[in-house]
>>> print(open('model.cif').read())   # mmCIF, C-alpha atoms, pLDDT in the B column; chains and numbers go by the auth columns
data_data
#
loop_
_atom_site.group_PDB
_atom_site.id
_atom_site.type_symbol
_atom_site.label_atom_id
_atom_site.label_comp_id
_atom_site.label_asym_id
_atom_site.label_seq_id
_atom_site.Cartn_x
_atom_site.Cartn_y
_atom_site.Cartn_z
_atom_site.B_iso_or_equiv
_atom_site.auth_seq_id
_atom_site.auth_asym_id
ATOM 1 C CA MET A 1 9.174 -178.064 44.431 53.00 1 A
ATOM 2 C CA SER A 2 5.458 -178.741 44.279 59.00 2 A
ATOM 3 C CA THR A 3 2.987 -175.988 43.485 63.00 3 A
ATOM 4 C CA ARG A 4 -0.094 -175.621 45.656 58.00 4 A
ATOM 5 C CA SER A 5 -3.386 -175.917 43.811 63.00 5 A
ATOM 6 C CA ALA A 6 -5.525 -172.822 43.350 60.00 6 A
ATOM 7 C CA THR A 7 -8.460 -174.642 44.878 66.00 7 A
ATOM 8 C CA ASN A 8 -6.511 -175.287 48.065 65.00 8 A
ATOM 9 C CA LYS A 9 -8.117 -173.768 51.142 62.00 9 A
ATOM 10 C CA ARG A 10 -4.878 -172.222 52.374 63.00 10 A
ATOM 11 C CA THR A 11 -4.365 -170.552 48.978 61.00 11 A
ATOM 12 C CA GLN A 12 -7.873 -169.091 48.959 61.00 12 A
ATOM 13 C CA GLU A 13 -7.622 -167.706 52.507 61.00 13 A
ATOM 14 C CA ARG A 14 -4.207 -166.104 51.991 59.00 14 A
ATOM 15 C CA ASP A 15 -4.023 -162.298 51.722 54.00 15 A
ATOM 16 C CA TYR A 16 -2.011 -160.983 48.802 51.00 16 A
ATOM 17 C CA ALA A 17 -0.365 -157.586 48.623 53.00 17 A
ATOM 18 C CA GLY A 18 -2.547 -155.044 46.900 53.00 18 A
ATOM 19 C CA ALA A 19 -5.717 -157.062 47.380 50.00 19 A
ATOM 20 C CA ALA A 20 -8.646 -155.194 48.984 53.00 20 A
ATOM 21 C CA ARG A 21 -10.441 -156.823 51.859 56.00 21 A
ATOM 22 C CA LYS A 22 -14.183 -156.807 52.144 55.00 22 A
ATOM 23 C CA SER A 23 -15.661 -154.236 54.452 55.00 23 A
ATOM 24 C CA ALA A 24 -17.209 -155.223 57.753 55.00 24 A
ATOM 25 C CA ALA A 25 -20.582 -153.880 56.583 54.00 25 A
ATOM 26 C CA SER A 26 -20.742 -156.405 53.757 55.00 26 A
ATOM 27 C CA ALA A 27 -19.887 -159.314 56.019 56.00 27 A
ATOM 28 C CA LYS A 28 -22.647 -161.792 56.788 54.00 28 A
ATOM 29 C CA PRO A 29 -23.467 -162.769 60.371 54.00 29 A
ATOM 30 C CA ALA A 30 -21.926 -165.993 61.597 52.00 30 A
ATOM 31 C CA ARG A 31 -25.369 -167.343 62.463 58.00 31 A
ATOM 32 C CA ALA A 32 -28.969 -166.356 62.097 54.00 32 A
ATOM 33 C CA ALA A 33 -30.552 -164.101 64.692 53.00 33 A
ATOM 34 C CA ALA A 34 -32.566 -165.758 67.411 53.00 34 A
ATOM 35 C CA SER A 35 -36.349 -165.668 67.340 51.00 35 A
ATOM 36 C CA SER A 36 -36.458 -163.186 70.243 49.00 36 A
ATOM 37 C CA VAL A 37 -34.102 -160.739 68.504 48.00 37 A
ATOM 38 C CA ARG A 38 -35.739 -158.118 66.332 47.00 38 A
ATOM 39 C CA VAL A 39 -33.702 -156.964 63.352 48.00 39 A
ATOM 40 C CA VAL A 40 -34.489 -153.317 62.508 44.00 40 A
ATOM 41 C CA SER A 41 -33.554 -152.028 59.085 48.00 41 A
ATOM 42 C CA SER A 42 -32.044 -148.617 58.492 51.00 42 A
ATOM 43 C CA SER A 43 -35.219 -147.421 56.768 52.00 43 A
ATOM 44 C CA ALA A 44 -37.278 -148.351 59.844 48.00 44 A
ATOM 45 C CA LYS A 45 -34.863 -146.400 62.048 51.00 45 A
ATOM 46 C CA ALA A 46 -35.222 -143.377 59.785 51.00 46 A
ATOM 47 C CA ARG A 47 -39.030 -143.599 59.935 49.00 47 A
ATOM 48 C CA ARG A 48 -38.929 -143.878 63.722 48.00 48 A
ATOM 49 C CA LYS A 49 -36.680 -140.817 63.932 50.00 49 A
ATOM 50 C CA GLU A 50 -39.121 -138.875 61.757 47.00 50 A
ATOM 51 C CA TYR A 51 -41.981 -139.983 64.003 44.00 51 A
ATOM 52 C CA GLU A 52 -40.145 -138.804 67.132 47.00 52 A
ATOM 53 C CA GLN A 53 -39.294 -135.449 65.592 51.00 53 A
ATOM 54 C CA GLY A 54 -42.745 -135.004 64.079 54.00 54 A
ATOM 55 C CA GLU A 55 -45.024 -136.350 61.429 57.00 55 A
ATOM 56 C CA SER A 56 -43.396 -136.889 58.049 60.00 56 A
ATOM 57 C CA LEU A 57 -44.496 -134.270 55.494 62.00 57 A
ATOM 58 C CA GLU A 58 -43.608 -136.427 52.523 67.00 58 A
ATOM 59 C CA GLY A 59 -46.365 -136.674 49.936 67.00 59 A
ATOM 60 C CA LEU A 60 -48.238 -133.560 51.110 71.00 60 A
ATOM 61 C CA SER A 61 -48.914 -130.516 49.008 76.00 61 A
ATOM 62 C CA LYS A 62 -47.268 -127.179 49.692 77.00 62 A
ATOM 63 C CA ALA A 63 -50.351 -125.745 51.409 81.00 63 A
ATOM 64 C CA GLU A 64 -50.787 -128.880 53.520 79.00 64 A
ATOM 65 C CA LYS A 65 -47.137 -128.777 54.569 76.00 65 A
ATOM 66 C CA LYS A 66 -47.494 -125.121 55.561 81.00 66 A
ATOM 67 C CA ALA A 67 -50.648 -125.819 57.569 84.00 67 A
ATOM 68 C CA ARG A 68 -49.045 -128.812 59.258 82.00 68 A
ATOM 69 C CA LYS A 69 -45.951 -126.803 60.189 83.00 69 A
ATOM 70 C CA GLN A 70 -48.125 -124.048 61.670 86.00 70 A
ATOM 71 C CA GLU A 71 -50.024 -126.638 63.691 85.00 71 A
ATOM 72 C CA LEU A 72 -46.785 -128.148 65.015 84.00 72 A
ATOM 73 C CA ARG A 73 -45.467 -124.692 65.862 87.00 73 A
ATOM 74 C CA ALA A 74 -48.652 -123.850 67.766 86.00 74 A
ATOM 75 C CA LYS A 75 -48.370 -127.134 69.648 85.00 75 A
ATOM 76 C CA GLU A 76 -44.765 -126.353 70.594 86.00 76 A
ATOM 77 C CA ASP A 77 -45.849 -122.905 71.814 86.00 77 A
ATOM 78 C CA ARG A 78 -48.557 -124.448 74.001 87.00 78 A
ATOM 79 C CA MET A 79 -46.078 -126.929 75.466 87.00 79 A
ATOM 80 C CA TYR A 80 -43.572 -124.137 76.139 87.00 80 A
ATOM 81 C CA SER A 81 -46.240 -122.045 77.891 88.00 81 A
ATOM 82 C CA ALA A 82 -47.394 -125.010 79.991 88.00 82 A
ATOM 83 C CA ALA A 83 -43.802 -125.755 81.042 88.00 83 A
ATOM 84 C CA ASN A 84 -43.332 -122.117 82.082 87.00 84 A
ATOM 85 C CA ILE A 85 -46.550 -122.237 84.127 88.00 85 A
ATOM 86 C CA LEU A 86 -45.424 -125.361 85.958 88.00 86 A
ATOM 87 C CA MET A 87 -41.963 -123.885 86.569 89.00 87 A
ATOM 88 C CA LYS A 88 -43.365 -120.664 87.991 87.00 88 A
ATOM 89 C CA GLY A 89 -45.446 -122.702 90.407 87.00 89 A
ATOM 90 C CA ASP A 90 -42.338 -124.408 91.792 88.00 90 A
ATOM 91 C CA GLU A 91 -40.901 -122.618 94.834 92.00 91 A
ATOM 92 C CA GLU A 92 -37.444 -124.114 94.282 92.00 92 A
ATOM 93 C CA TYR A 93 -37.344 -122.751 90.741 92.00 93 A
ATOM 94 C CA ARG A 94 -38.453 -119.291 91.874 92.00 94 A
ATOM 95 C CA SER A 95 -35.840 -119.132 94.637 94.00 95 A
ATOM 96 C CA LYS A 96 -33.071 -120.169 92.263 94.00 96 A
ATOM 97 C CA ARG A 97 -34.197 -117.595 89.721 94.00 97 A
ATOM 98 C CA ARG A 98 -33.960 -114.917 92.424 95.00 98 A
ATOM 99 C CA ILE A 99 -30.401 -116.016 93.153 95.00 99 A
ATOM 100 C CA PHE A 100 -29.608 -115.852 89.431 95.00 100 A
ATOM 101 C CA TRP A 101 -30.948 -112.307 89.128 95.00 101 A
ATOM 102 C CA ALA A 102 -29.011 -111.326 92.266 96.00 102 A
ATOM 103 C CA PHE A 103 -25.800 -112.451 90.539 95.00 103 A
ATOM 104 C CA GLU A 104 -26.709 -110.545 87.390 95.00 104 A
ATOM 105 C CA GLY A 105 -27.748 -107.434 89.320 95.00 105 A
ATOM 106 C CA VAL A 106 -24.450 -107.225 91.215 94.00 106 A
ATOM 107 C CA GLY A 107 -22.534 -107.709 87.966 94.00 107 A
ATOM 108 C CA ILE A 108 -24.478 -104.980 86.164 94.00 108 A
ATOM 109 C CA VAL A 109 -23.997 -102.557 89.069 94.00 109 A
ATOM 110 C CA GLY A 110 -20.263 -103.283 88.986 92.00 110 A
ATOM 111 C CA VAL A 111 -20.102 -102.558 85.246 93.00 111 A
ATOM 112 C CA VAL A 112 -21.966 -99.253 85.766 92.00 112 A
ATOM 113 C CA VAL A 113 -19.569 -98.211 88.544 91.00 113 A
ATOM 114 C CA VAL A 114 -16.569 -98.982 86.336 91.00 114 A
ATOM 115 C CA TRP A 115 -18.051 -96.898 83.503 91.00 115 A
ATOM 116 C CA LEU A 116 -18.569 -94.020 85.934 89.00 116 A
ATOM 117 C CA MET A 117 -14.903 -94.325 86.898 86.00 117 A
ATOM 118 C CA LEU A 118 -13.916 -94.199 83.259 86.00 118 A
ATOM 119 C CA ALA A 119 -16.113 -91.126 82.784 85.00 119 A
ATOM 120 C CA GLY A 120 -14.048 -89.301 85.432 81.00 120 A
ATOM 121 C CA LEU A 121 -16.636 -88.944 88.187 81.00 121 A
ATOM 122 C CA PHE A 122 -14.197 -90.329 90.786 80.00 122 A
ATOM 123 C CA ASN A 123 -11.139 -88.296 89.722 79.00 123 A
ATOM 124 C CA SER A 124 -11.733 -85.610 92.341 78.00 124 A
ATOM 125 C CA PHE A 125 -11.212 -87.867 95.384 77.00 125 A
ATOM 126 C CA MET A 126 -9.149 -90.789 94.017 79.00 126 A
ATOM 127 C CA ASP A 127 -5.552 -91.016 92.872 81.00 127 A
ATOM 128 C CA ALA A 128 -4.916 -91.951 89.249 82.00 128 A
ATOM 129 C CA ASN A 129 -3.055 -95.158 90.145 86.00 129 A
ATOM 130 C CA ALA A 130 -5.686 -96.190 92.682 85.00 130 A
ATOM 131 C CA LEU A 131 -8.413 -95.380 90.158 85.00 131 A
ATOM 132 C CA GLY A 132 -6.801 -97.622 87.538 86.00 132 A
ATOM 133 C CA VAL A 133 -6.499 -100.506 89.989 89.00 133 A
ATOM 134 C CA ALA A 134 -10.103 -99.992 91.123 88.00 134 A
ATOM 135 C CA GLN A 135 -11.297 -100.077 87.523 89.00 135 A
ATOM 136 C CA LEU A 136 -9.547 -103.370 86.825 91.00 136 A
ATOM 137 C CA VAL A 137 -10.698 -104.947 90.075 92.00 137 A
ATOM 138 C CA GLY A 138 -14.272 -103.710 89.665 91.00 138 A
ATOM 139 C CA LEU A 139 -14.456 -104.916 86.072 92.00 139 A
ATOM 140 C CA GLY A 140 -13.122 -108.331 87.069 94.00 140 A
ATOM 141 C CA ILE A 141 -15.641 -108.652 89.907 94.00 141 A
ATOM 142 C CA ALA A 142 -18.486 -107.492 87.666 94.00 142 A
ATOM 143 C CA TYR A 143 -17.693 -109.998 84.924 93.00 143 A
ATOM 144 C CA ALA A 144 -17.194 -112.722 87.527 95.00 144 A
ATOM 145 C CA PHE A 145 -20.720 -112.163 88.876 96.00 145 A
ATOM 146 C CA VAL A 146 -22.261 -112.023 85.395 95.00 146 A
ATOM 147 C CA ILE A 147 -20.523 -115.189 84.202 95.00 147 A
ATOM 148 C CA GLY A 148 -21.143 -116.850 87.569 95.00 148 A
ATOM 149 C CA GLY A 149 -24.854 -116.150 87.187 95.00 149 A
ATOM 150 C CA PHE A 150 -24.957 -117.891 83.815 95.00 150 A
ATOM 151 C CA ILE A 151 -22.994 -120.838 85.207 96.00 151 A
ATOM 152 C CA TYR A 152 -25.432 -121.049 88.121 95.00 152 A
ATOM 153 C CA ASP A 153 -28.318 -121.054 85.652 94.00 153 A
ATOM 154 C CA LEU A 154 -26.652 -123.802 83.634 94.00 154 A
ATOM 155 C CA VAL A 155 -25.928 -126.019 86.652 94.00 155 A
ATOM 156 C CA LYS A 156 -28.887 -125.383 88.976 93.00 156 A
ATOM 157 C CA ILE A 157 -31.796 -124.052 86.914 93.00 157 A
ATOM 158 C CA ARG A 158 -31.411 -125.812 83.587 93.00 158 A
ATOM 159 C CA PRO A 159 -32.049 -129.312 85.065 92.00 159 A
ATOM 160 C CA LEU A 160 -35.356 -128.064 86.478 91.00 160 A
ATOM 161 C CA ARG A 161 -36.234 -126.497 83.137 91.00 161 A
ATOM 162 C CA ASN A 162 -35.453 -129.736 81.299 91.00 162 A
ATOM 163 C CA PHE A 163 -37.463 -131.714 83.868 92.00 163 A
ATOM 164 C CA TYR A 164 -40.613 -129.664 83.301 90.00 164 A
ATOM 165 C CA LYS A 165 -40.123 -129.708 79.532 89.00 165 A
ATOM 166 C CA SER A 166 -39.921 -133.500 79.550 89.00 166 A
ATOM 167 C CA GLN A 167 -42.932 -133.643 81.881 88.00 167 A
ATOM 168 C CA VAL A 168 -45.014 -131.528 79.508 89.00 168 A
ATOM 169 C CA ALA A 169 -43.750 -133.511 76.521 86.00 169 A
ATOM 170 C CA GLY A 170 -45.199 -136.638 78.138 87.00 170 A
ATOM 171 C CA MET A 171 -48.624 -135.025 78.595 85.00 171 A
ATOM 172 C CA THR A 172 -51.506 -135.387 76.212 86.00 172 A
ATOM 173 C CA ASP A 173 -52.814 -132.378 74.289 84.00 173 A
ATOM 174 C CA ARG A 174 -55.890 -132.324 76.529 88.00 174 A
ATOM 175 C CA LYS A 175 -53.780 -132.178 79.690 87.00 175 A
ATOM 176 C CA VAL A 176 -51.675 -129.320 78.268 86.00 176 A
ATOM 177 C CA LEU A 177 -54.844 -127.393 77.450 86.00 177 A
ATOM 178 C CA GLU A 178 -56.118 -127.980 80.994 87.00 178 A
ATOM 179 C CA VAL A 179 -52.934 -126.470 82.427 85.00 179 A
ATOM 180 C CA LEU A 180 -53.299 -123.411 80.180 86.00 180 A
ATOM 181 C CA GLU A 181 -57.006 -123.014 81.010 87.00 181 A
ATOM 182 C CA GLU A 182 -56.360 -123.229 84.762 86.00 182 A
ATOM 183 C CA GLU A 183 -53.723 -120.520 84.491 84.00 183 A
ATOM 184 C CA ALA A 184 -56.077 -118.326 82.440 87.00 184 A
ATOM 185 C CA GLU A 185 -58.836 -118.787 85.046 86.00 185 A
ATOM 186 C CA ARG A 186 -56.419 -117.913 87.834 85.00 186 A
ATOM 187 C CA LEU A 187 -55.374 -114.712 86.069 84.00 187 A
ATOM 188 C CA ASP A 188 -59.006 -113.773 85.396 84.00 188 A
ATOM 189 C CA ALA A 189 -59.872 -114.330 89.058 84.00 189 A
ATOM 190 C CA LYS A 190 -56.915 -112.198 90.091 82.00 190 A
ATOM 191 C CA LYS A 191 -58.004 -109.406 87.764 81.00 191 A
ATOM 192 C CA GLY A 192 -61.569 -109.698 89.078 76.00 192 A
ATOM 193 C CA LYS A 193 -60.414 -109.325 92.662 73.00 193 A
ATOM 194 C CA ALA A 194 -58.337 -106.284 91.733 70.00 194 A
ATOM 195 C CA SER A 195 -61.289 -104.665 89.938 68.00 195 A
ATOM 196 C CA LYS A 196 -63.578 -105.379 92.916 67.00 196 A
ATOM 197 C CA LYS A 197 -61.095 -103.740 95.265 69.00 197 A
ATOM 198 C CA GLU A 198 -60.920 -100.678 93.007 72.00 198 A
ATOM 199 C CA ALA A 199 -64.719 -100.497 92.823 65.00 199 A
ATOM 200 C CA ALA A 200 -65.002 -100.772 96.621 66.00 200 A
ATOM 201 C CA ALA A 201 -62.404 -98.028 97.081 64.00 201 A
ATOM 202 C CA ASP A 202 -64.286 -95.760 94.664 65.00 202 A
ATOM 203 C CA ALA A 203 -67.550 -96.427 96.492 62.00 203 A
ATOM 204 C CA ASP A 204 -65.972 -95.571 99.842 63.00 204 A
ATOM 205 C CA ALA A 205 -64.544 -92.367 98.430 62.00 205 A
ATOM 206 C CA THR A 206 -67.911 -91.401 96.994 60.00 206 A
ATOM 207 C CA ALA A 207 -69.716 -92.144 100.262 58.00 207 A
ATOM 208 C CA SER A 208 -67.233 -90.098 102.284 60.00 208 A
ATOM 209 C CA GLU A 209 -67.940 -87.001 100.237 59.00 209 A
ATOM 210 C CA GLU A 210 -70.782 -84.924 101.766 52.00 210 A
ATOM 211 C CA PRO A 211 -73.427 -83.856 99.288 53.00 211 A
ATOM 212 C CA VAL A 212 -73.603 -80.095 98.779 52.00 212 A
ATOM 213 C CA VAL A 213 -77.169 -78.777 99.257 53.00 213 A
ATOM 214 C CA LYS A 214 -77.967 -75.325 97.963 53.00 214 A
ATOM 215 C CA ARG A 215 -80.211 -73.382 100.307 56.00 215 A
ATOM 216 C CA GLY A 216 -81.958 -70.234 99.111 53.00 216 A
ATOM 217 C CA PRO A 217 -84.040 -67.650 101.019 55.00 217 A
ATOM 218 C CA LYS A 218 -87.266 -68.889 102.576 54.00 218 A
ATOM 219 C CA LYS A 219 -90.380 -67.903 100.767 53.00 219 A
ATOM 220 C CA ASN A 220 -93.460 -66.539 102.604 53.00 220 A
ATOM 221 C CA HIS A 221 -96.308 -68.832 101.677 51.00 221 A
ATOM 222 C CA ARG A 222 -98.892 -67.118 103.848 53.00 222 A
ATOM 223 C CA SER A 223 -101.893 -66.049 101.837 49.00 223 A
ATOM 224 C CA ARG A 224 -102.912 -62.453 101.816 50.00 224 A
ATOM 225 C CA ARG A 225 -106.313 -61.585 103.195 45.00 225 A
#
>>> encode(input="model.cif", output="structure tokens")
Amino acid sequence: MSTRSATNKRTQERDYAGAARKSAASAKPARAAASSVRVVSSSAKARRKEYEQGESLEGLSKAEKKARKQELRAKEDRMYSAANILMKGDEEYRSKRRIFWAFEGVGIVGVVVVWLMLAGLFNSFMDANALGVAQLVGLGIAYAFVIGGFIYDLVKIRPLRNFYKSQVAGMTDRKVLEVLEEEAERLDAKKGKASKKEAAADADATASEEPVVKRGPKKNHRSRR
């Protein structure tokens, strides 16, 4: 029986028991990438992720890192405020928020009624068995409205909130500041109108009051002869 040479191709490609195969990560590509394909290294991906999340703080001093974090936090606050301003200006968002608070209001009222039942305020005109059933039913309805309100917020309102957040995230810092300044001007104008109305009301009240004139006895100014 002939023995196959160790340099034989079939011998080299054969898998032996106990031998570890090379991992797929260490395998080389079958052919070189085309000229139009861009090969991105893992370090480049990490740098891009840092850029998307914020500027890298590597190499900065402790004070510089603290100042940079405060600046990023202030920027996030401005973006959050601008998104809230845009949301409040949307009629669809306001109507859905009213529906959400209607759900929550009914649920809270139901919980209060159940607690009043537990406190014994309904014992005088309700049977004990009926009171127990009413407590269970009322508690179930109350929790159903509360949980339903949060589900409604998650399904109907959260997409609008995410839309305006992404819209503000795509704005420049100057555009975000313009949104905040316009809202501040609108509030100042509203306060000015309210103060003018109060001043006009005070003026009308002052004008309606009749001045009190004190009249004393008439003096005789005729000269004596």
>>> residues_around(input="model.cif", residues="A:Met117", least_positions_apart="6", cutoff="12 Å", atoms="all atoms listed in the file", output="CSV table (one decimal) with C-alpha atoms, in the frame of the given file")
chain,number,residue,atom,x,y,z
A,110,GLY,CA,-20.3,-103.3,89.0
A,111,VAL,CA,-20.1,-102.6,85.2
A,123,ASN,CA,-11.1,-88.3,89.7
A,124,SER,CA,-11.7,-85.6,92.3
A,125,PHE,CA,-11.2,-87.9,95.4
A,126,MET,CA,-9.1,-90.8,94.0
A,127,ASP,CA,-5.6,-91.0,92.9
A,128,ALA,CA,-4.9,-92.0,89.2
A,130,ALA,CA,-5.7,-96.2,92.7
A,131,LEU,CA,-8.4,-95.4,90.2
A,132,GLY,CA,-6.8,-97.6,87.5
A,133,VAL,CA,-6.5,-100.5,90.0
A,134,ALA,CA,-10.1,-100.0,91.1
A,135,GLN,CA,-11.3,-100.1,87.5
A,136,LEU,CA,-9.5,-103.4,86.8
A,137,VAL,CA,-10.7,-104.9,90.1
A,138,GLY,CA,-14.3,-103.7,89.7
A,139,LEU,CA,-14.5,-104.9,86.1
>>> atom_distance(input="model.cif", atom1="atom CA of A:Ala144", atom2="atom CA of A:Gly107")
7.3 Å
>>> residues_around(input="model.cif", residues="stretch 155-163 of chain A", least_positions_apart="2", cutoff="8 Å", atoms="all atoms listed in the file", output="MDAnalysis selection string")
chainID A and resid 83 87 93 96:97 151:153 165:167
>>> atom_distance(input="model.cif", atom1="atom CA of A:Val168", atom2="atom CA of A:Leu180")
11.6 Å
>>> atom_distance(input="model.cif", atom1="atom CA of A:Leu177", atom2="atom CA of A:Ala82")
8.2 Å
